[in-house]
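Engineer: Just target_23.csv, nothing more (CSV, N, CA and C atoms and all ligand atoms):
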```
chain,number,residue,atom,x,y,z
A,1,MET,N,8.9,12.1,-5.1
A,1,MET,CA,7.5,11.9,-5.4
A,1,MET,C,7.4,11.5,-6.9
A,2,LEU,N,6.7,10.4,-7.2
A,2,LEU,CA,6.7,9.9,-8.6
A,2,LEU,C,5.3,10.2,-9.3
A,3,ARG,N,4.7,11.3,-9.0
A,3,ARG,CA,3.4,11.6,-9.6
A,3,ARG,C,3.5,12.6,-10.7
A,4,ILE,N,2.6,12.5,-11.7
A,4,ILE,CA,2.5,13.5,-12.8
A,4,ILE,C,2.0,14.8,-12.1
A,5,ASP,N,2.6,15.9,-12.4
A,5,ASP,CA,2.3,17.1,-11.8
A,5,ASP,C,1.4,18.1,-12.6
A,6,THR,N,1.3,17.9,-13.9
A,6,THR,CA,0.6,18.8,-14.8
A,6,THR,C,-0.5,18.1,-15.5
A,7,HIS,N,-1.6,18.9,-15.8
A,7,HIS,CA,-2.7,18.5,-16.6
A,7,HIS,C,-3.5,17.3,-16.0
A,8,ILE,N,-3.6,17.3,-14.7
A,8,ILE,CA,-4.3,16.2,-14.0
A,8,ILE,C,-5.0,16.8,-12.7
A,9,SER,N,-6.2,16.4,-12.5
A,9,SER,CA,-6.9,16.9,-11.3
A,9,SER,C,-6.9,15.7,-10.3
A,10,ARG,N,-6.8,16.0,-9.0
A,10,ARG,CA,-6.7,14.9,-8.0
A,10,ARG,C,-7.8,15.2,-6.9
A,11,GLY,N,-8.1,14.1,-6.2
A,11,GLY,CA,-9.0,14.2,-5.1
A,11,GLY,C,-8.3,14.9,-4.0
A,12,PRO,N,-9.0,15.1,-2.8
A,12,PRO,CA,-8.4,15.8,-1.7
A,12,PRO,C,-7.3,14.9,-1.1
A,13,LYS,N,-6.3,15.6,-0.4
A,13,LYS,CA,-5.2,14.9,0.2
A,13,LYS,C,-5.7,14.1,1.4
A,14,VAL,N,-5.2,12.9,1.6
A,14,VAL,CA,-5.5,12.1,2.7
A,14,VAL,C,-4.1,11.6,3.3
A,15,THR,N,-4.1,11.2,4.5
A,15,THR,CA,-2.9,10.7,5.1
A,15,THR,C,-3.2,9.3,5.7
A,16,PHE,N,-2.4,8.3,5.4
A,16,PHE,CA,-2.5,7.0,6.0
A,16,PHE,C,-1.2,6.6,6.5
A,17,ARG,N,-1.1,5.5,7.2
A,17,ARG,CA,0.2,5.0,7.8
A,17,ARG,C,0.4,3.6,7.4
A,18,ILE,N,1.7,3.3,7.1
A,18,ILE,CA,2.2,1.9,7.0
A,18,ILE,C,3.4,1.7,7.8
A,19,ASP,N,3.4,0.7,8.7
A,19,ASP,CA,4.5,0.5,9.6
A,19,ASP,C,4.9,1.8,10.4
A,20,GLY,N,3.9,2.5,10.7
A,20,GLY,CA,4.0,3.8,11.5
A,20,GLY,C,4.5,5.0,10.7
A,21,GLN,N,4.8,4.8,9.4
A,21,GLN,CA,5.2,5.9,8.5
A,21,GLN,C,4.0,6.6,7.9
A,22,ALA,N,3.9,7.9,8.0
A,22,ALA,CA,2.8,8.6,7.4
A,22,ALA,C,3.0,8.8,5.9
A,23,ILE,N,2.0,8.5,5.2
A,23,ILE,CA,2.0,8.6,3.7
A,23,ILE,C,0.9,9.6,3.3
A,24,THR,N,1.3,10.6,2.5
A,24,THR,CA,0.3,11.5,1.9
A,24,THR,C,-0.1,10.9,0.5
A,25,ALA,N,-1.4,10.9,0.3
A,25,ALA,CA,-2.0,10.4,-0.9
A,25,ALA,C,-3.1,11.3,-1.3
A,26,TYR,N,-3.8,10.9,-2.4
A,26,TYR,CA,-5.0,11.6,-2.9
A,26,TYR,C,-6.2,10.7,-3.0
A,27,ALA,N,-7.3,11.1,-2.5
A,27,ALA,CA,-8.5,10.3,-2.6
A,27,ALA,C,-8.7,9.7,-4.0
A,28,GLY,N,-9.0,8.5,-4.1
A,28,GLY,CA,-9.2,7.8,-5.4
A,28,GLY,C,-8.0,7.0,-5.8
A,29,GLU,N,-6.8,7.2,-5.2
A,29,GLU,CA,-5.7,6.4,-5.5
A,29,GLU,C,-5.8,5.1,-4.8
A,30,SER,N,-5.1,4.0,-5.3
A,30,SER,CA,-5.0,2.8,-4.6
A,30,SER,C,-3.8,3.0,-3.6
A,31,VAL,N,-3.8,2.1,-2.5
A,31,VAL,CA,-2.7,2.2,-1.6
A,31,VAL,C,-1.4,1.8,-2.3
A,32,ALA,N,-1.4,0.9,-3.2
A,32,ALA,CA,-0.2,0.5,-3.9
A,32,ALA,C,0.3,1.6,-4.7
A,33,ALA,N,-0.5,2.3,-5.4
A,33,ALA,CA,-0.1,3.5,-6.2
A,33,ALA,C,0.5,4.6,-5.3
A,34,ALA,N,-0.2,4.8,-4.2
A,34,ALA,CA,0.3,5.9,-3.3
A,34,ALA,C,1.7,5.5,-2.7
A,35,LEU,N,1.8,4.2,-2.4
A,35,LEU,CA,3.1,3.8,-1.8
A,35,LEU,C,4.2,3.9,-2.9
A,36,LEU,N,3.9,3.5,-4.1
A,36,LEU,CA,4.9,3.6,-5.1
A,36,LEU,C,5.3,5.0,-5.4
A,37,ALA,N,4.3,5.9,-5.4
A,37,ALA,CA,4.6,7.3,-5.6
A,37,ALA,C,5.4,7.9,-4.5
A,38,SER,N,5.3,7.3,-3.3
A,38,SER,CA,6.1,7.7,-2.1
A,38,SER,C,7.5,7.1,-2.1
A,39,GLY,N,7.8,6.2,-3.0
A,39,GLY,CA,9.1,5.5,-3.0
A,39,GLY,C,9.1,4.2,-2.3
A,40,LEU,N,8.0,3.8,-1.7
A,40,LEU,CA,8.0,2.5,-1.0
A,40,LEU,C,7.5,1.4,-2.0
A,41,ARG,N,8.5,0.5,-2.3
A,41,ARG,CA,8.2,-0.5,-3.3
A,41,ARG,C,8.1,-1.9,-2.6
A,42,ARG,N,8.7,-2.1,-1.4
A,42,ARG,CA,8.7,-3.4,-0.8
A,42,ARG,C,7.6,-3.4,0.2
A,43,LEU,N,6.6,-4.3,-0.1
A,43,LEU,CA,5.4,-4.4,0.7
A,43,LEU,C,5.4,-5.6,1.6
A,44,ARG,N,6.1,-6.6,1.2
A,44,ARG,CA,6.2,-7.8,2.0
A,44,ARG,C,7.5,-8.5,1.7
A,45,THR,N,7.8,-9.6,2.5
A,45,THR,CA,9.1,-10.3,2.3
A,45,THR,C,8.7,-11.8,1.9
A,46,SER,N,9.4,-12.3,0.9
A,46,SER,CA,9.2,-13.7,0.5
A,46,SER,C,9.8,-14.7,1.4
A,47,PRO,N,9.5,-16.0,1.2
A,47,PRO,CA,10.2,-17.0,2.1
A,47,PRO,C,11.7,-17.0,2.0
A,48,GLY,N,12.2,-16.6,0.8
A,48,GLY,CA,13.7,-16.5,0.7
A,48,GLY,C,14.3,-15.2,1.2
A,49,GLY,N,13.4,-14.3,1.7
A,49,GLY,CA,13.9,-13.0,2.2
A,49,GLY,C,13.9,-11.9,1.2
A,50,GLY,N,13.5,-12.2,0.0
A,50,GLY,CA,13.4,-11.1,-1.0
A,50,GLY,C,12.2,-10.2,-0.8
A,51,GLY,N,12.3,-9.0,-1.4
A,51,GLY,CA,11.2,-8.1,-1.3
A,51,GLY,C,10.2,-8.4,-2.4
A,52,ARG,N,8.9,-8.1,-2.1
A,52,ARG,CA,7.8,-8.2,-3.0
A,52,ARG,C,7.0,-6.9,-3.0
A,53,GLY,N,6.4,-6.7,-4.1
A,53,GLY,CA,5.6,-5.4,-4.2
A,53,GLY,C,4.7,-5.5,-5.4
A,54,LEU,N,4.3,-4.3,-5.8
A,54,LEU,CA,3.3,-4.2,-6.9
A,54,LEU,C,3.8,-4.9,-8.1
A,55,PHE,N,2.9,-5.8,-8.7
A,55,PHE,CA,3.3,-6.5,-9.9
A,55,PHE,C,2.2,-6.4,-10.9
A,56,CYS,N,1.0,-7.1,-10.7
A,56,CYS,CA,0.0,-7.1,-11.7
A,56,CYS,C,-0.9,-5.8,-11.6
A,57,ALA,N,-1.0,-5.2,-10.5
A,57,ALA,CA,-1.9,-4.1,-10.2
A,57,ALA,C,-3.3,-4.3,-10.5
A,58,MET,N,-3.8,-5.5,-10.5
A,58,MET,CA,-5.2,-5.8,-10.8
A,58,MET,C,-5.8,-6.9,-9.9
A,59,GLY,N,-5.1,-7.1,-8.8
A,59,GLY,CA,-5.7,-8.0,-7.8
A,59,GLY,C,-5.6,-9.5,-8.0
A,60,VAL,N,-4.7,-9.9,-8.9
A,60,VAL,CA,-4.5,-11.3,-9.3
A,60,VAL,C,-3.4,-12.0,-8.6
A,61,CYS,N,-2.2,-11.3,-8.6
A,61,CYS,CA,-1.0,-12.0,-8.1
A,61,CYS,C,-0.8,-12.1,-6.6
A,62,GLN,N,-1.4,-11.2,-5.9
A,62,GLN,CA,-1.2,-11.1,-4.4
A,62,GLN,C,0.2,-10.7,-4.0
A,63,GLU,N,1.0,-10.3,-4.9
A,63,GLU,CA,2.4,-9.8,-4.5
A,63,GLU,C,2.4,-8.6,-3.6
A,64,CYS,N,1.3,-7.8,-3.7
A,64,CYS,CA,1.2,-6.5,-3.0
A,64,CYS,C,0.5,-6.6,-1.7
A,65,VAL,N,0.2,-7.8,-1.1
A,65,VAL,CA,-0.6,-7.8,0.1
A,65,VAL,C,0.0,-7.1,1.3
A,66,VAL,N,-0.8,-6.5,2.0
A,66,VAL,CA,-0.4,-5.8,3.3
A,66,VAL,C,-1.5,-6.2,4.3
A,67,GLU,N,-1.2,-5.8,5.6
A,67,GLU,CA,-2.3,-6.0,6.6
A,67,GLU,C,-2.9,-4.7,6.9
A,68,MET,N,-4.2,-4.7,6.9
A,68,MET,CA,-5.0,-3.5,7.2
A,68,MET,C,-5.5,-3.7,8.7
A,69,ILE,N,-5.2,-2.7,9.5
A,69,ILE,CA,-5.6,-2.8,10.9
A,69,ILE,C,-6.9,-2.1,11.1
A,70,ASP,N,-7.9,-2.8,11.6
A,70,ASP,CA,-9.2,-2.1,11.8
A,70,ASP,C,-9.3,-1.4,13.1
A,71,ALA,N,-10.4,-0.8,13.4
A,71,ALA,CA,-10.6,0.0,14.6
A,71,ALA,C,-10.5,-0.8,15.9
A,72,ALA,N,-10.8,-2.1,15.8
A,72,ALA,CA,-10.7,-3.0,17.0
A,72,ALA,C,-9.3,-3.6,17.1
A,73,GLY,N,-8.4,-3.2,16.2
A,73,GLY,CA,-7.0,-3.7,16.3
A,73,GLY,C,-6.7,-5.0,15.6
A,74,ALA,N,-7.8,-5.6,14.9
A,74,ALA,CA,-7.6,-6.8,14.2
A,74,ALA,C,-7.0,-6.5,12.8
A,75,SER,N,-6.2,-7.4,12.3
A,75,SER,CA,-5.6,-7.2,11.0
A,75,SER,C,-6.2,-8.1,10.0
A,76,HIS,N,-6.3,-7.6,8.7
A,76,HIS,CA,-6.9,-8.2,7.6
A,76,HIS,C,-6.0,-8.1,6.4
A,77,VAL,N,-5.7,-9.2,5.8
A,77,VAL,CA,-4.8,-9.2,4.7
A,77,VAL,C,-5.6,-8.7,3.4
A,78,VAL,N,-5.0,-7.7,2.8
A,78,VAL,CA,-5.6,-7.1,1.6
A,78,VAL,C,-4.6,-6.9,0.5
A,79,ALA,N,-5.1,-6.9,-0.7
A,79,ALA,CA,-4.2,-6.6,-1.8
A,79,ALA,C,-4.2,-5.0,-1.9
A,80,SER,N,-3.0,-4.5,-1.7
A,80,SER,CA,-3.0,-3.0,-1.7
A,80,SER,C,-3.3,-2.3,-3.0
A,81,CYS,N,-3.2,-3.1,-4.1
A,81,CYS,CA,-3.6,-2.5,-5.4
A,81,CYS,C,-5.1,-2.4,-5.5
A,82,GLN,N,-5.9,-3.1,-4.7
A,82,GLN,CA,-7.3,-3.1,-4.7
A,82,GLN,C,-8.0,-2.3,-3.6
A,83,LEU,N,-7.1,-1.7,-2.8
A,83,LEU,CA,-7.6,-0.9,-1.6
A,83,LEU,C,-7.4,0.5,-1.8
A,84,GLU,N,-8.5,1.3,-1.8
A,84,GLU,CA,-8.4,2.8,-2.0
A,84,GLU,C,-7.9,3.4,-0.7
A,85,VAL,N,-7.1,4.4,-0.8
A,85,VAL,CA,-6.6,5.2,0.3
A,85,VAL,C,-7.7,5.8,1.0
A,86,SER,N,-7.6,6.0,2.3
A,86,SER,CA,-8.6,6.8,3.1
A,86,SER,C,-7.9,7.4,4.3
A,87,GLU,N,-8.4,8.5,4.8
A,87,GLU,CA,-7.8,9.2,5.9
A,87,GLU,C,-7.8,8.3,7.1
A,88,GLY,N,-6.6,8.2,7.8
A,88,GLY,CA,-6.4,7.4,9.0
A,88,GLY,C,-6.2,5.9,8.8
A,89,LEU,N,-6.2,5.5,7.6
A,89,LEU,CA,-6.0,4.0,7.3
A,89,LEU,C,-4.7,3.6,8.0
A,90,GLU,N,-4.7,2.5,8.7
A,90,GLU,CA,-3.5,1.9,9.3
A,90,GLU,C,-3.1,0.6,8.6
A,91,LEU,N,-1.9,0.5,8.2
A,91,LEU,CA,-1.4,-0.7,7.5
A,91,LEU,C,-0.1,-1.2,8.0
A,92,ARG,N,0.2,-2.4,7.8
A,92,ARG,CA,1.4,-3.0,8.2
A,92,ARG,C,1.9,-3.9,7.0
A,93,SER,N,3.2,-3.8,6.7
A,93,SER,CA,3.8,-4.7,5.7
A,93,SER,C,3.9,-6.1,6.3
A,94,ARG,N,4.1,-7.1,5.4
A,94,ARG,CA,4.1,-8.5,5.8
A,94,ARG,C,5.4,-9.1,5.6
A,95,THR,N,5.7,-10.1,6.5
A,95,THR,CA,6.9,-10.9,6.3
A,95,THR,C,6.5,-12.4,6.2
A,96,PHE,N,7.4,-13.3,5.7
A,96,PHE,CA,7.0,-14.7,5.6
A,96,PHE,C,6.6,-15.3,7.0
A,97,VAL,N,7.3,-14.8,8.0
A,97,VAL,CA,7.0,-15.4,9.3
A,97,VAL,C,5.5,-15.2,9.7
A,98,ASP,N,4.8,-14.3,9.1
A,98,ASP,CA,3.4,-14.0,9.3
A,98,ASP,C,2.6,-15.2,8.8
A,99,GLY,N,3.2,-16.1,8.0
A,99,GLY,CA,2.5,-17.3,7.5
A,99,GLY,C,2.2,-17.2,6.0
A,100,HIS,N,2.6,-16.1,5.4
A,100,HIS,CA,2.3,-16.0,3.9
A,100,HIS,C,3.5,-15.4,3.2
B,201,LIG,S1,-0.1,-6.3,-7.6
B,201,LIG,FE1,-1.0,-8.2,-8.0
B,201,LIG,S2,-2.6,-8.4,-6.6
B,201,LIG,FE2,-1.8,-6.4,-6.3
```
Translate the structure of the given file into structure tokens.
Structural biologist:
Amino acid sequence: MLRIDTHISRGPKVTFRIDGQAITAYAGESVAAALLASGLRRLRTSPGGGGRGLFCAMGVCQECVVEMIDAAGASHVVASCQLEVSEGLELRSRTFVDGH
């Protein structure tokens, strides 16, 4: 875990999933920050097969995009650095064959 442990207060714990893996995070964190803290740095695959992940952390580069699965099962491409964690959130990492 890559979080600061002292002199900081956090929101309540929440659990979300990416590619079926449960991730514990704290309310108020971005998905990208929570994934980084959990050791998951590869969020999508480039056309050349390389890994991509958190880069600008401010919604500009789109290197951190993932798919958010809604209650109806539809997926929506979102920048994980701009998406706040929430209980039960379902995500999927992306590959170039997805079209991006
Ligand atoms: S890291 Fe650049 S948009 Fe998320």
Engineer: For Leu89 of chain A, list every protein, DNA or RNA residue within 6 Å, evaluated using all atoms listed in the file, and leave out those in the same chain fewer than 4 positions away; present the list as a PDB file with N, CA and C atoms, in the frame of the given file.
Structural biologist:
```
ATOM      1  N   THR A  15      -4.100  11.200   4.500  1.00  0.00           N
ATOM      2  CA  THR A  15      -2.900  10.700   5.100  1.00  0.00           C
ATOM      3  C   THR A  15      -3.200   9.300   5.700  1.00  0.00           C
ATOM      4  N   PHE A  16      -2.400   8.300   5.400  1.00  0.00           N
ATOM      5  CA  PHE A  16      -2.500   7.000   6.000  1.00  0.00           C
ATOM      6  C   PHE A  16      -1.200   6.600   6.500  1.00  0.00           C
ATOM      7  N   ARG A  17      -1.100   5.500   7.200  1.00  0.00           N
ATOM      8  CA  ARG A  17       0.200   5.000   7.800  1.00  0.00           C
ATOM      9  C   ARG A  17       0.400   3.600   7.400  1.00  0.00           C
TER      10      ARG A  17
END
```
Engineer: Would you please give, as a list of chain:residue names, all residues of segment 26-60 of chain A that DSSP assigns to alpha helix (DSSP H) based on the backbone?
Structural biologist: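 The alpha helix (DSSP H) residues within segment 26-60 of chain A come out as A:Val31, A:Ala32, A:Ala33, A:Ala34, A:Leu35, A:Leu36, A:Ala37.
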Engineer: Using only C-alpha atoms, determine which residues lie at most 8 Å from segment 78-83 of chain A, disregarding the query and same-chain residues fewer than 4 positions distant; provide the list as an MDAnalysis selection string.
Structural biologist: chainID A and resid 30:33 54 57:59 62:68
Engineer: Could you jot down the atom CA of Gly53 of chain A to atom C of Glu87 of chain A separation for me, Å, one decimal place?
Structural biologist: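 Pair atom CA of Gly53 of chain A / atom C of Glu87 of chain A returns 22.2 Å.
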Engineer: Under the rule that only N, CA and C atoms and all ligand atoms are counted, which of A:Val77, A:Cys56, A:Ala71, A:Val85 is the nearest residue to ligand LIG 201 (chain B)?
Structural biologist: A:Cys56
Engineer: In the coordinates of the file, take the point (8.2, -8.5, 0.3) and a cut-off of 10 Å; then, counting only C-alpha atoms, name each qualifying protein, DNA or RNA residue as a PyMOL selection string.
Structural biologist: chain A and resi 41-54+63-66+93-96
Engineer: To one decimal place in Å, what is the distance between atom C of Gly28 of chain A and atom C of His7 of chain A?
Structural biologist: 15.2 Å
Engineer: Using atom N of Gly39 of chain A and atom N of Cys61 of chain A as the two end points, give the distance in Å to one decimal.
Structural biologist: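 If I compute the distance from atom N of Gly39 of chain A to atom N of Cys61 of chain A, I get 20.9 Å.
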Engineer: I'd like to know which of A:Gly20, A:Ile69, A:Gly11, A:Leu2 is closest to Ala37 of chain A, using all atoms listed in the file.
Structural biologist: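 Among the listed residues, the smallest separation from Ala37 of chain A belongs to A:Leu2.
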Engineer: Box along x, y and z, 8 Å on every side, all listed atoms of segment 56-65 of chain A inside: centre and edge lengths in Å to one decimal, as lines of an AutoDock Vina configuration file.
Structural biologist:
```
center_x = -1.7
center_y = -8.1
center_z = -5.2
size_x = 24.2
size_y = 24.0
size_z = 29.0
```
